[in-house]
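Visitor: Next up is a structure, given as structure tokens.
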Amino acid sequence: MRAISLEVIFEGESYIYKPEELFPITTKLEEYLKGLKGDVESQPFLPAHIVENVVEYLEDRLNPLADARVKAINEVCVYLNKRKLSAEDLRKDSELKAASDIFIDTILNELKAKGYDNDQVLMKVKIIRLKIREHLESFNPFQ
């Protein structure tokens with residue numbers, strides 16, 4: 001993943017925002033999903049069709065997350081440009097909190113719009129678990 005930096009300039013003062021440092025939610029989630037994908041791909045006890053399904057879902061989930069991050073960064077830029085604060089004021093906790101809230105809200109709204117909010121993900125996880133259970137039950141000699 002490439003690092004993104006935003007330079008906000010107002011009246012000759014500048015401040016560099018590094019979203020991956022200020023808003024680690026997306027980078028942590030991306031790292032988790034990539035790690036999970038690697039774990040699933042190397043899982044020896046799952047059948048190939050389930051592994052393929054899970055890996056495809058995880059890959060599909062990463063793309064909207066990257067798109068949402070770009071949109072969220074743009075929303076933060078719009079907010080900061082409207083505020084027209086000095087570099088010193090941009091560093092205040094209240095401004096960082098406001099920018100962080102905008103960033104997170106935009107991410108969550110974008111993921112929900114693309115079918116990846118928490119409830120939608122949990123439903124997909126249940127479906128995958130049912131497929132795994134059905135696969136394992138197919139080996140039950142007592143049925």
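By order of appearance in the structure tokens: chains A, B, ..., then residues from 1 within every chain, and ligands from 1 in the order shown.
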Counting only C-alpha atoms, which residues in segment 37-91 of chain A sit no more than 10 Å from segment 98-112 of chain A? For each one, give the nearest pair of atoms and the distance in Å, sorted by chain then residue number, as a tab-separated table.

Guide:
residue	atom	partner	partner_atom	distance
A:Arg61	CA	A:Leu111	CA	8.8
A:Pro64	CA	A:Leu111	CA	6.6
A:Leu65	CA	A:Leu111	CA	6.8
A:Ala66	CA	A:Ile107	CA	9.4
A:Asp67	CA	A:Glu110	CA	8.4
A:Ala68	CA	A:Ile107	CA	5.2
A:Arg69	CA	A:Ile107	CA	6.3
A:Val70	CA	A:Ile107	CA	9.1
A:Lys71	CA	A:Thr106	CA	7.3
A:Ala72	CA	A:Phe103	CA	4.9
A:Ile73	CA	A:Phe103	CA	6.6
A:Asn74	CA	A:Phe103	CA	8.9
A:Glu75	CA	A:Ile102	CA	7.0
A:Val76	CA	A:Ala99	CA	5.7
A:Cys77	CA	A:Ala99	CA	8.8
A:Tyr79	CA	A:Ala99	CA	7.4
A:Leu80	CA	A:Ala99	CA	7.8
A:Leu90	CA	A:Ala99	CA	9.6

Visitor: List as an MDAnalysis selection string the protein and nucleic acid residues near Ile128 of chain A, meaning an atom at most 10 Å away when only C-alpha atoms are counted, but skip any in the same chain fewer than 6 places from it.

Guide: chainID A and resid 50:51 53:54 122 134

Visitor: Between atom CA of Lys37 of chain A and atom CA of Lys126 of chain A, what is the distance in Å, rounded to a tenth?

Guide: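 For atom CA of Lys37 of chain A relative to atom CA of Lys126 of chain A, the distance reads 17.1 Å.
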
Visitor: As number ranges by chain, list the residues of segment 4-130 of chain A assigned to helix (DSSP H, G or I) by DSSP on the backbone atoms of this structure.

Guide: A: 19-22, 25-41, 48-83, 87-90, 93-113, 118-130

Visitor: So that I can see what lies close to Phe45 of chain A, please list as a PyMOL selection string the residues with an atom at most 12 Å from it, counting only C-alpha atoms and leaving out residues fewer than 6 positions away in the same chain.

Guide: chain A and resi 39+51+132+135-136
